[in-house]
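**Q** Before I ask anything, let me first share the structure, which is written out below as structure tokens.
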Amino acid sequence: MTTTLITGANKGLGYETARRLIEAGHTVWMGARDETRGKQAADELGGRFVQLDVTDDASVDDAARKITDAGGLDVLINNAGISGPMKPAEQLTAEDATHVYSTNVVSIVRTTSAFFPILRESSAPTIVNVTSGLGSFAAVHDPERIESMLVAPLYTSSKSAVTMLTVQYAKAFPEMRINAADPGYTKTDFNGNQGPQTVSEGTDAIVELATRGGQGSTGTFIDRSGVALF
């Protein structure tokens, strides 16, 4: 049986990914900062709750020890993230940037480092990093795509960094399958429930990468339609 950890799993895309993977037969650890909300979400779906604040070394290390003691891990889904302040570019501060990058980028380094020793014991080690088409140079320069219409320097650049981290980790760990998933414009509370896609459609790329059983490409960036352009 495949054991999967999803960060930020108590709502939105993380919650729906957990639901679908549990339905597919995975044992799913649902990571969340808030213990009450996290436990409630795990109880609703039949998952396992683990307290996990991806911005805190001690919290991540404690989660890694708990999951190791419980039998190990096959799939790590780095889903937790924030949009950051939605204000004009000239009003953004260094503190704003530090907050966004700490949550969206540095946390992936933190969780990858903490869970790498566990994943390397798996016969099908897999990492899925949830990124965004808003971090794609190709998408934001295409006037036919909605990604070209938004100006959000911190969030978009943080997702560019996530995509490149994915490529570099895939090169560093060729024995693992490490890929990035773009959910697309999906209705969640993350964006005020806007977007044409359902939350289930938004998890298609994530679930696809998480259920390959250690097979297929590594270092790629996909959306629900297939391999996307960086």
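By order of appearance in the structure tokens: chains A, B, ..., then residues from 1 within every chain, and ligands from 1 in the order shown.
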Looking only at the backbone, which of the residues in range 38-222 of chain A does DSSP tag as alpha helix (DSSP H), as a PDB file with N, CA and C atoms, in the first residue's frame?
**A**
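Saved result, result-v8.pdb, follows:
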```
ATOM      1  N   GLY A  38      -7.235  20.200  11.401  1.00  0.00           N
ATOM      2  CA  GLY A  38      -6.573  19.075  10.763  1.00  0.00           C
ATOM      3  C   GLY A  38      -7.167  17.739  11.171  1.00  0.00           C
ATOM      4  N   LYS A  39      -7.418  17.573  12.472  1.00  0.00           N
ATOM      5  CA  LYS A  39      -8.022  16.333  12.957  1.00  0.00           C
ATOM      6  C   LYS A  39      -9.421  16.148  12.405  1.00  0.00           C
ATOM      7  N   GLN A  40     -10.171  17.234  12.353  1.00  0.00           N
ATOM      8  CA  GLN A  40     -11.531  17.153  11.817  1.00  0.00           C
ATOM      9  C   GLN A  40     -11.509  16.718  10.353  1.00  0.00           C
ATOM     10  N   ALA A  41     -10.616  17.294   9.575  1.00  0.00           N
ATOM     11  CA  ALA A  41     -10.515  16.935   8.156  1.00  0.00           C
ATOM     12  C   ALA A  41     -10.118  15.473   7.985  1.00  0.00           C
ATOM     13  N   ALA A  42      -9.142  15.021   8.775  1.00  0.00           N
ATOM     14  CA  ALA A  42      -8.703  13.633   8.680  1.00  0.00           C
ATOM     15  C   ALA A  42      -9.811  12.668   9.094  1.00  0.00           C
ATOM     16  N   ASP A  43     -10.551  13.025  10.139  1.00  0.00           N
ATOM     17  CA  ASP A  43     -11.660  12.175  10.585  1.00  0.00           C
ATOM     18  C   ASP A  43     -12.738  12.077   9.513  1.00  0.00           C
ATOM     19  N   GLU A  44     -13.000  13.178   8.834  1.00  0.00           N
ATOM     20  CA  GLU A  44     -14.032  13.188   7.792  1.00  0.00           C
ATOM     21  C   GLU A  44     -13.687  12.248   6.640  1.00  0.00           C
ATOM     22  N   LEU A  45     -12.414  12.158   6.323  1.00  0.00           N
ATOM     23  CA  LEU A  45     -12.004  11.395   5.141  1.00  0.00           C
ATOM     24  C   LEU A  45     -11.440  10.010   5.447  1.00  0.00           C
ATOM     25  N   ASP A  57      11.026  24.376  11.599  1.00  0.00           N
ATOM     26  CA  ASP A  57      11.912  23.211  11.559  1.00  0.00           C
ATOM     27  C   ASP A  57      11.476  22.117  12.527  1.00  0.00           C
ATOM     28  N   ALA A  58      11.174  22.501  13.760  1.00  0.00           N
ATOM     29  CA  ALA A  58      10.830  21.510  14.773  1.00  0.00           C
ATOM     30  C   ALA A  58       9.552  20.769  14.412  1.00  0.00           C
ATOM     31  N   SER A  59       8.567  21.486  13.885  1.00  0.00           N
ATOM     32  CA  SER A  59       7.305  20.859  13.502  1.00  0.00           C
ATOM     33  C   SER A  59       7.519  19.849  12.375  1.00  0.00           C
ATOM     34  N   VAL A  60       8.299  20.224  11.384  1.00  0.00           N
ATOM     35  CA  VAL A  60       8.563  19.318  10.259  1.00  0.00           C
ATOM     36  C   VAL A  60       9.358  18.098  10.727  1.00  0.00           C
ATOM     37  N   ASP A  61      10.343  18.320  11.566  1.00  0.00           N
ATOM     38  CA  ASP A  61      11.149  17.198  12.064  1.00  0.00           C
ATOM     39  C   ASP A  61      10.303  16.247  12.912  1.00  0.00           C
ATOM     40  N   ASP A  62       9.413  16.804  13.734  1.00  0.00           N
ATOM     41  CA  ASP A  62       8.533  15.957  14.550  1.00  0.00           C
ATOM     42  C   ASP A  62       7.612  15.116  13.662  1.00  0.00           C
ATOM     43  N   ALA A  63       7.086  15.718  12.608  1.00  0.00           N
ATOM     44  CA  ALA A  63       6.215  14.984  11.685  1.00  0.00           C
ATOM     45  C   ALA A  63       6.987  13.877  10.984  1.00  0.00           C
ATOM     46  N   ALA A  64       8.222  14.168  10.602  1.00  0.00           N
ATOM     47  CA  ALA A  64       9.044  13.156   9.933  1.00  0.00           C
ATOM     48  C   ALA A  64       9.305  11.960  10.856  1.00  0.00           C
ATOM     49  N   ARG A  65       9.573  12.235  12.126  1.00  0.00           N
ATOM     50  CA  ARG A  65       9.797  11.140  13.079  1.00  0.00           C
ATOM     51  C   ARG A  65       8.527  10.325  13.278  1.00  0.00           C
ATOM     52  N   LYS A  66       7.398  10.988  13.386  1.00  0.00           N
ATOM     53  CA  LYS A  66       6.131  10.285  13.601  1.00  0.00           C
ATOM     54  C   LYS A  66       5.809   9.378  12.426  1.00  0.00           C
ATOM     55  N   ILE A  67       5.985   9.882  11.215  1.00  0.00           N
ATOM     56  CA  ILE A  67       5.664   9.092  10.026  1.00  0.00           C
ATOM     57  C   ILE A  67       6.671   7.962   9.834  1.00  0.00           C
ATOM     58  N   THR A  68       7.922   8.201  10.174  1.00  0.00           N
ATOM     59  CA  THR A  68       8.932   7.137  10.115  1.00  0.00           C
ATOM     60  C   THR A  68       8.575   6.013  11.078  1.00  0.00           C
ATOM     61  N   ASP A  69       8.229   6.390  12.299  1.00  0.00           N
ATOM     62  CA  ASP A  69       7.891   5.388  13.317  1.00  0.00           C
ATOM     63  C   ASP A  69       6.646   4.592  12.939  1.00  0.00           C
ATOM     64  N   ALA A  94      10.003  44.135   1.790  1.00  0.00           N
ATOM     65  CA  ALA A  94      10.894  42.993   1.963  1.00  0.00           C
ATOM     66  C   ALA A  94      10.293  41.988   2.938  1.00  0.00           C
ATOM     67  N   GLU A  95       9.579  42.496   3.938  1.00  0.00           N
ATOM     68  CA  GLU A  95       8.921  41.602   4.897  1.00  0.00           C
ATOM     69  C   GLU A  95       7.850  40.765   4.203  1.00  0.00           C
ATOM     70  N   ASP A  96       7.093  41.373   3.288  1.00  0.00           N
ATOM     71  CA  ASP A  96       6.105  40.634   2.515  1.00  0.00           C
ATOM     72  C   ASP A  96       6.780  39.508   1.726  1.00  0.00           C
ATOM     73  N   ALA A  97       7.881  39.850   1.086  1.00  0.00           N
ATOM     74  CA  ALA A  97       8.593  38.863   0.269  1.00  0.00           C
ATOM     75  C   ALA A  97       9.116  37.715   1.118  1.00  0.00           C
ATOM     76  N   THR A  98       9.658  38.046   2.261  1.00  0.00           N
ATOM     77  CA  THR A  98      10.184  37.001   3.154  1.00  0.00           C
ATOM     78  C   THR A  98       9.079  36.054   3.590  1.00  0.00           C
ATOM     79  N   HIS A  99       7.916  36.600   3.889  1.00  0.00           N
ATOM     80  CA  HIS A  99       6.788  35.772   4.335  1.00  0.00           C
ATOM     81  C   HIS A  99       6.328  34.826   3.225  1.00  0.00           C
ATOM     82  N   VAL A 100       6.160  35.342   2.014  1.00  0.00           N
ATOM     83  CA  VAL A 100       5.698  34.514   0.896  1.00  0.00           C
ATOM     84  C   VAL A 100       6.734  33.441   0.541  1.00  0.00           C
ATOM     85  N   TYR A 101       7.980  33.834   0.430  1.00  0.00           N
ATOM     86  CA  TYR A 101       9.007  32.875   0.038  1.00  0.00           C
ATOM     87  C   TYR A 101       9.270  31.841   1.132  1.00  0.00           C
ATOM     88  N   SER A 107       9.905  26.361   2.492  1.00  0.00           N
ATOM     89  CA  SER A 107       9.258  25.199   3.115  1.00  0.00           C
ATOM     90  C   SER A 107       9.469  23.926   2.305  1.00  0.00           C
ATOM     91  N   ILE A 108       9.552  24.049   0.986  1.00  0.00           N
ATOM     92  CA  ILE A 108       9.772  22.854   0.162  1.00  0.00           C
ATOM     93  C   ILE A 108      11.179  22.302   0.392  1.00  0.00           C
ATOM     94  N   VAL A 109      12.141  23.195   0.546  1.00  0.00           N
ATOM     95  CA  VAL A 109      13.491  22.745   0.890  1.00  0.00           C
ATOM     96  C   VAL A 109      13.475  22.058   2.253  1.00  0.00           C
ATOM     97  N   ARG A 110      12.762  22.662   3.191  1.00  0.00           N
ATOM     98  CA  ARG A 110      12.688  22.113   4.557  1.00  0.00           C
ATOM     99  C   ARG A 110      12.055  20.721   4.566  1.00  0.00           C
ATOM    100  N   THR A 111      10.906  20.569   3.926  1.00  0.00           N
ATOM    101  CA  THR A 111      10.228  19.271   3.958  1.00  0.00           C
ATOM    102  C   THR A 111      10.971  18.219   3.126  1.00  0.00           C
ATOM    103  N   THR A 112      11.523  18.631   2.003  1.00  0.00           N
ATOM    104  CA  THR A 112      12.284  17.675   1.180  1.00  0.00           C
ATOM    105  C   THR A 112      13.479  17.151   1.953  1.00  0.00           C
ATOM    106  N   SER A 113      14.201  18.034   2.622  1.00  0.00           N
ATOM    107  CA  SER A 113      15.369  17.608   3.403  1.00  0.00           C
ATOM    108  C   SER A 113      14.967  16.689   4.553  1.00  0.00           C
ATOM    109  N   ALA A 114      13.859  17.016   5.217  1.00  0.00           N
ATOM    110  CA  ALA A 114      13.434  16.222   6.370  1.00  0.00           C
ATOM    111  C   ALA A 114      12.931  14.844   5.972  1.00  0.00           C
ATOM    112  N   PHE A 115      12.240  14.758   4.828  1.00  0.00           N
ATOM    113  CA  PHE A 115      11.616  13.495   4.446  1.00  0.00           C
ATOM    114  C   PHE A 115      12.436  12.689   3.441  1.00  0.00           C
ATOM    115  N   PHE A 116      13.519  13.258   2.944  1.00  0.00           N
ATOM    116  CA  PHE A 116      14.349  12.519   1.997  1.00  0.00           C
ATOM    117  C   PHE A 116      14.851  11.184   2.548  1.00  0.00           C
ATOM    118  N   PRO A 117      15.357  11.132   3.794  1.00  0.00           N
ATOM    119  CA  PRO A 117      15.818   9.833   4.313  1.00  0.00           C
ATOM    120  C   PRO A 117      14.715   8.781   4.382  1.00  0.00           C
ATOM    121  N   ILE A 118      13.468   9.218   4.596  1.00  0.00           N
ATOM    122  CA  ILE A 118      12.347   8.285   4.650  1.00  0.00           C
ATOM    123  C   ILE A 118      11.973   7.838   3.245  1.00  0.00           C
ATOM    124  N   LEU A 119      11.892   8.783   2.336  1.00  0.00           N
ATOM    125  CA  LEU A 119      11.506   8.466   0.964  1.00  0.00           C
ATOM    126  C   LEU A 119      12.494   7.525   0.285  1.00  0.00           C
ATOM    127  N   PHE A 137       6.847  31.378 -17.436  1.00  0.00           N
ATOM    128  CA  PHE A 137       7.151  32.490 -18.342  1.00  0.00           C
ATOM    129  C   PHE A 137       6.284  32.410 -19.596  1.00  0.00           C
ATOM    130  N   ALA A 138       6.102  31.191 -20.104  1.00  0.00           N
ATOM    131  CA  ALA A 138       5.306  31.022 -21.317  1.00  0.00           C
ATOM    132  C   ALA A 138       3.868  31.459 -21.096  1.00  0.00           C
ATOM    133  N   ALA A 139       3.285  31.069 -19.981  1.00  0.00           N
ATOM    134  CA  ALA A 139       1.877  31.375 -19.716  1.00  0.00           C
ATOM    135  C   ALA A 139       1.644  32.864 -19.490  1.00  0.00           C
ATOM    136  N   VAL A 140       2.518  33.500 -18.715  1.00  0.00           N
ATOM    137  CA  VAL A 140       2.263  34.911 -18.375  1.00  0.00           C
ATOM    138  C   VAL A 140       2.560  35.849 -19.544  1.00  0.00           C
ATOM    139  N   PRO A 153       3.684  40.076  -8.075  1.00  0.00           N
ATOM    140  CA  PRO A 153       5.106  39.747  -8.151  1.00  0.00           C
ATOM    141  C   PRO A 153       5.585  38.668  -7.194  1.00  0.00           C
ATOM    142  N   LEU A 154       5.119  38.691  -5.967  1.00  0.00           N
ATOM    143  CA  LEU A 154       5.657  37.754  -4.982  1.00  0.00           C
ATOM    144  C   LEU A 154       5.130  36.341  -5.179  1.00  0.00           C
ATOM    145  N   TYR A 155       3.822  36.206  -5.313  1.00  0.00           N
ATOM    146  CA  TYR A 155       3.261  34.858  -5.490  1.00  0.00           C
ATOM    147  C   TYR A 155       3.765  34.226  -6.779  1.00  0.00           C
ATOM    148  N   THR A 156       3.707  34.957  -7.874  1.00  0.00           N
ATOM    149  CA  THR A 156       4.088  34.385  -9.167  1.00  0.00           C
ATOM    150  C   THR A 156       5.559  33.998  -9.194  1.00  0.00           C
ATOM    151  N   SER A 157       6.408  34.847  -8.678  1.00  0.00           N
ATOM    152  CA  SER A 157       7.842  34.527  -8.689  1.00  0.00           C
ATOM    153  C   SER A 157       8.168  33.381  -7.740  1.00  0.00           C
ATOM    154  N   SER A 158       7.404  33.280  -6.645  1.00  0.00           N
ATOM    155  CA  SER A 158       7.631  32.147  -5.734  1.00  0.00           C
ATOM    156  C   SER A 158       7.305  30.827  -6.423  1.00  0.00           C
ATOM    157  N   LYS A 159       6.280  30.828  -7.284  1.00  0.00           N
ATOM    158  CA  LYS A 159       5.922  29.600  -7.983  1.00  0.00           C
ATOM    159  C   LYS A 159       6.910  29.292  -9.109  1.00  0.00           C
ATOM    160  N   SER A 160       7.522  30.313  -9.698  1.00  0.00           N
ATOM    161  CA  SER A 160       8.628  30.056 -10.626  1.00  0.00           C
ATOM    162  C   SER A 160       9.762  29.345  -9.893  1.00  0.00           C
ATOM    163  N   ALA A 161      10.021  29.787  -8.681  1.00  0.00           N
ATOM    164  CA  ALA A 161      11.071  29.158  -7.879  1.00  0.00           C
ATOM    165  C   ALA A 161      10.725  27.712  -7.539  1.00  0.00           C
ATOM    166  N   VAL A 162       9.460  27.455  -7.239  1.00  0.00           N
ATOM    167  CA  VAL A 162       9.031  26.081  -6.947  1.00  0.00           C
ATOM    168  C   VAL A 162       9.279  25.173  -8.148  1.00  0.00           C
ATOM    169  N   THR A 163       8.948  25.664  -9.337  1.00  0.00           N
ATOM    170  CA  THR A 163       9.147  24.857 -10.538  1.00  0.00           C
ATOM    171  C   THR A 163      10.625  24.564 -10.761  1.00  0.00           C
ATOM    172  N   MET A 164      11.482  25.549 -10.583  1.00  0.00           N
ATOM    173  CA  MET A 164      12.905  25.317 -10.778  1.00  0.00           C
ATOM    174  C   MET A 164      13.479  24.426  -9.678  1.00  0.00           C
ATOM    175  N   LEU A 165      13.012  24.575  -8.446  1.00  0.00           N
ATOM    176  CA  LEU A 165      13.429  23.653  -7.389  1.00  0.00           C
ATOM    177  C   LEU A 165      13.111  22.216  -7.784  1.00  0.00           C
ATOM    178  N   THR A 166      11.945  22.030  -8.372  1.00  0.00           N
ATOM    179  CA  THR A 166      11.522  20.693  -8.804  1.00  0.00           C
ATOM    180  C   THR A 166      12.513  20.119  -9.814  1.00  0.00           C
ATOM    181  N   VAL A 167      12.865  20.905 -10.802  1.00  0.00           N
ATOM    182  CA  VAL A 167      13.804  20.449 -11.831  1.00  0.00           C
ATOM    183  C   VAL A 167      15.161  20.106 -11.212  1.00  0.00           C
ATOM    184  N   GLN A 168      15.629  20.955 -10.326  1.00  0.00           N
ATOM    185  CA  GLN A 168      16.953  20.733  -9.730  1.00  0.00           C
ATOM    186  C   GLN A 168      16.968  19.529  -8.796  1.00  0.00           C
ATOM    187  N   TYR A 169      15.911  19.351  -8.005  1.00  0.00           N
ATOM    188  CA  TYR A 169      15.843  18.171  -7.153  1.00  0.00           C
ATOM    189  C   TYR A 169      15.746  16.899  -7.996  1.00  0.00           C
ATOM    190  N   ALA A 170      15.032  16.966  -9.108  1.00  0.00           N
ATOM    191  CA  ALA A 170      14.940  15.791  -9.982  1.00  0.00           C
ATOM    192  C   ALA A 170      16.313  15.411 -10.517  1.00  0.00           C
ATOM    193  N   LYS A 171      17.140  16.402 -10.830  1.00  0.00           N
ATOM    194  CA  LYS A 171      18.500  16.124 -11.287  1.00  0.00           C
ATOM    195  C   LYS A 171      19.371  15.578 -10.155  1.00  0.00           C
ATOM    196  N   ALA A 172      19.158  16.115  -8.943  1.00  0.00           N
ATOM    197  CA  ALA A 172      19.970  15.701  -7.801  1.00  0.00           C
ATOM    198  C   ALA A 172      19.632  14.294  -7.331  1.00  0.00           C
ATOM    199  N   VAL A 199     -12.871  21.906  -7.724  1.00  0.00           N
ATOM    200  CA  VAL A 199     -11.711  21.523  -6.927  1.00  0.00           C
ATOM    201  C   VAL A 199     -11.218  20.136  -7.322  1.00  0.00           C
ATOM    202  N   SER A 200     -12.121  19.276  -7.769  1.00  0.00           N
ATOM    203  CA  SER A 200     -11.699  17.954  -8.239  1.00  0.00           C
ATOM    204  C   SER A 200     -10.858  18.080  -9.500  1.00  0.00           C
ATOM    205  N   GLU A 201     -11.292  18.922 -10.439  1.00  0.00           N
ATOM    206  CA  GLU A 201     -10.506  19.139 -11.655  1.00  0.00           C
ATOM    207  C   GLU A 201      -9.150  19.747 -11.329  1.00  0.00           C
ATOM    208  N   GLY A 202      -9.124  20.604 -10.319  1.00  0.00           N
ATOM    209  CA  GLY A 202      -7.872  21.231  -9.924  1.00  0.00           C
ATOM    210  C   GLY A 202      -6.856  20.277  -9.341  1.00  0.00           C
ATOM    211  N   ASP A 204      -6.449  17.143 -10.561  1.00  0.00           N
ATOM    212  CA  ASP A 204      -6.155  16.089 -11.541  1.00  0.00           C
ATOM    213  C   ASP A 204      -4.657  15.873 -11.744  1.00  0.00           C
ATOM    214  N   ALA A 205      -3.910  16.963 -11.928  1.00  0.00           N
ATOM    215  CA  ALA A 205      -2.473  16.820 -12.182  1.00  0.00           C
ATOM    216  C   ALA A 205      -1.743  16.285 -10.954  1.00  0.00           C
ATOM    217  N   ILE A 206      -2.163  16.736  -9.779  1.00  0.00           N
ATOM    218  CA  ILE A 206      -1.519  16.274  -8.534  1.00  0.00           C
ATOM    219  C   ILE A 206      -1.732  14.773  -8.351  1.00  0.00           C
ATOM    220  N   VAL A 207      -2.979  14.348  -8.508  1.00  0.00           N
ATOM    221  CA  VAL A 207      -3.308  12.925  -8.340  1.00  0.00           C
ATOM    222  C   VAL A 207      -2.609  12.070  -9.397  1.00  0.00           C
ATOM    223  N   GLU A 208      -2.559  12.579 -10.614  1.00  0.00           N
ATOM    224  CA  GLU A 208      -1.866  11.848 -11.681  1.00  0.00           C
ATOM    225  C   GLU A 208      -0.414  11.570 -11.304  1.00  0.00           C
ATOM    226  N   LEU A 209       0.289  12.567 -10.827  1.00  0.00           N
ATOM    227  CA  LEU A 209       1.693  12.392 -10.462  1.00  0.00           C
ATOM    228  C   LEU A 209       1.866  11.509  -9.226  1.00  0.00           C
ATOM    229  N   ALA A 210       0.921  11.597  -8.302  1.00  0.00           N
ATOM    230  CA  ALA A 210       1.026  10.847  -7.048  1.00  0.00           C
ATOM    231  C   ALA A 210       0.693   9.369  -7.212  1.00  0.00           C
TER     232      ALA A 210
END
```
**Q** Please list as a PyMOL selection string every residue within 8 Å of range 73-81 of chain A, counting only C-alpha atoms and excluding residues in the same chain fewer than 3 positions away.
**A** chain A and resi 2-9+13-14+54+67-68+103-104+108+111+115+118-119+122-130+210
**Q** I'd like the interatomic distance between CA of Thr131 in chain A and CA of Gly214 in chain A, to a tenth of an Å.
**A**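 Calculated distance between CA of Thr131 in chain A and CA of Gly214 in chain A is 20.0 Å.
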**Q** Using only C-alpha atoms for the distances, tell me which of A:Pro183, A:Glu121, A:Ala70, A:Gln91 is nearest to Ile222 in chain A.
**A**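 Smallest separation from Ile222 in chain A among the options: A:Pro183.
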**Q** Would you work out the distance separating CA of Asp142 in chain A from CA of Arg177 in chain A, expressed in Å to one decimal?
**A**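 Rounded to one decimal, the two atoms are 29.4 Å apart.
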**Q** Can you check which residues of range 1-67 of chain A DSSP gives as strand (DSSP E) on the backbone and send them as a PyMOL selection string?
**A** chain A and resi 3-6+27-32+48-51
**Q** Save out the residues we just selected, N, CA, C and O atoms, as a PDB file, in the first residue's frame.
**A**
```
ATOM      1  N   THR A   3       1.875   4.989   0.933  1.00  0.00           N
ATOM      2  CA  THR A   3       1.665   5.946   2.010  1.00  0.00           C
ATOM      3  C   THR A   3       2.076   7.331   1.530  1.00  0.00           C
ATOM      4  O   THR A   3       3.176   7.518   1.013  1.00  0.00           O
ATOM      5  N   THR A   4       1.177   8.281   1.708  1.00  0.00           N
ATOM      6  CA  THR A   4       1.351   9.627   1.165  1.00  0.00           C
ATOM      7  C   THR A   4       1.178  10.672   2.257  1.00  0.00           C
ATOM      8  O   THR A   4       0.307  10.542   3.119  1.00  0.00           O
ATOM      9  N   LEU A   5       2.006  11.718   2.199  1.00  0.00           N
ATOM     10  CA  LEU A   5       1.851  12.878   3.072  1.00  0.00           C
ATOM     11  C   LEU A   5       1.491  14.079   2.208  1.00  0.00           C
ATOM     12  O   LEU A   5       2.152  14.354   1.201  1.00  0.00           O
ATOM     13  N   ILE A   6       0.449  14.812   2.616  1.00  0.00           N
ATOM     14  CA  ILE A   6       0.051  16.040   1.936  1.00  0.00           C
ATOM     15  C   ILE A   6       0.148  17.192   2.932  1.00  0.00           C
ATOM     16  O   ILE A   6      -0.463  17.147   4.001  1.00  0.00           O
ATOM     17  N   THR A  27      -2.745   5.196   1.948  1.00  0.00           N
ATOM     18  CA  THR A  27      -2.781   5.639   3.335  1.00  0.00           C
ATOM     19  C   THR A  27      -2.284   7.074   3.323  1.00  0.00           C
ATOM     20  O   THR A  27      -1.162   7.340   2.898  1.00  0.00           O
ATOM     21  N   VAL A  28      -3.117   8.014   3.753  1.00  0.00           N
ATOM     22  CA  VAL A  28      -2.796   9.432   3.599  1.00  0.00           C
ATOM     23  C   VAL A  28      -2.631  10.115   4.949  1.00  0.00           C
ATOM     24  O   VAL A  28      -3.545  10.133   5.779  1.00  0.00           O
ATOM     25  N   TRP A  29      -1.439  10.681   5.138  1.00  0.00           N
ATOM     26  CA  TRP A  29      -1.189  11.572   6.263  1.00  0.00           C
ATOM     27  C   TRP A  29      -1.584  12.975   5.830  1.00  0.00           C
ATOM     28  O   TRP A  29      -1.096  13.484   4.825  1.00  0.00           O
ATOM     29  N   MET A  30      -2.466  13.596   6.586  1.00  0.00           N
ATOM     30  CA  MET A  30      -2.948  14.933   6.260  1.00  0.00           C
ATOM     31  C   MET A  30      -2.304  15.935   7.205  1.00  0.00           C
ATOM     32  O   MET A  30      -2.628  15.997   8.389  1.00  0.00           O
ATOM     33  N   GLY A  31      -1.343  16.689   6.671  1.00  0.00           N
ATOM     34  CA  GLY A  31      -0.624  17.662   7.477  1.00  0.00           C
ATOM     35  C   GLY A  31      -1.364  18.987   7.539  1.00  0.00           C
ATOM     36  O   GLY A  31      -1.889  19.470   6.540  1.00  0.00           O
ATOM     37  N   ALA A  32      -1.410  19.588   8.724  1.00  0.00           N
ATOM     38  CA  ALA A  32      -2.045  20.897   8.896  1.00  0.00           C
ATOM     39  C   ALA A  32      -1.447  21.574  10.118  1.00  0.00           C
ATOM     40  O   ALA A  32      -1.052  20.906  11.078  1.00  0.00           O
ATOM     41  N   ARG A  48      -5.002  10.129   8.192  1.00  0.00           N
ATOM     42  CA  ARG A  48      -4.251  10.220   9.435  1.00  0.00           C
ATOM     43  C   ARG A  48      -3.764  11.653   9.601  1.00  0.00           C
ATOM     44  O   ARG A  48      -3.119  12.187   8.697  1.00  0.00           O
ATOM     45  N   PHE A  49      -4.033  12.264  10.730  1.00  0.00           N
ATOM     46  CA  PHE A  49      -3.611  13.645  10.955  1.00  0.00           C
ATOM     47  C   PHE A  49      -2.197  13.691  11.496  1.00  0.00           C
ATOM     48  O   PHE A  49      -1.812  12.893  12.353  1.00  0.00           O
ATOM     49  N   VAL A  50      -1.420  14.662  11.009  1.00  0.00           N
ATOM     50  CA  VAL A  50      -0.124  14.963  11.617  1.00  0.00           C
ATOM     51  C   VAL A  50       0.003  16.480  11.680  1.00  0.00           C
ATOM     52  O   VAL A  50      -0.249  17.182  10.694  1.00  0.00           O
ATOM     53  N   GLN A  51       0.313  16.987  12.863  1.00  0.00           N
ATOM     54  CA  GLN A  51       0.504  18.424  13.008  1.00  0.00           C
ATOM     55  C   GLN A  51       1.758  18.811  12.237  1.00  0.00           C
ATOM     56  O   GLN A  51       2.835  18.244  12.433  1.00  0.00           O
TER      57      GLN A  51
END
```
**Q** Could you tell me how far CA of Thr55 in chain A lies from CA of Pro88 in chain A, in Å and to one decimal?
**A**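 Computing it gives 25.6 Å between the two atoms.
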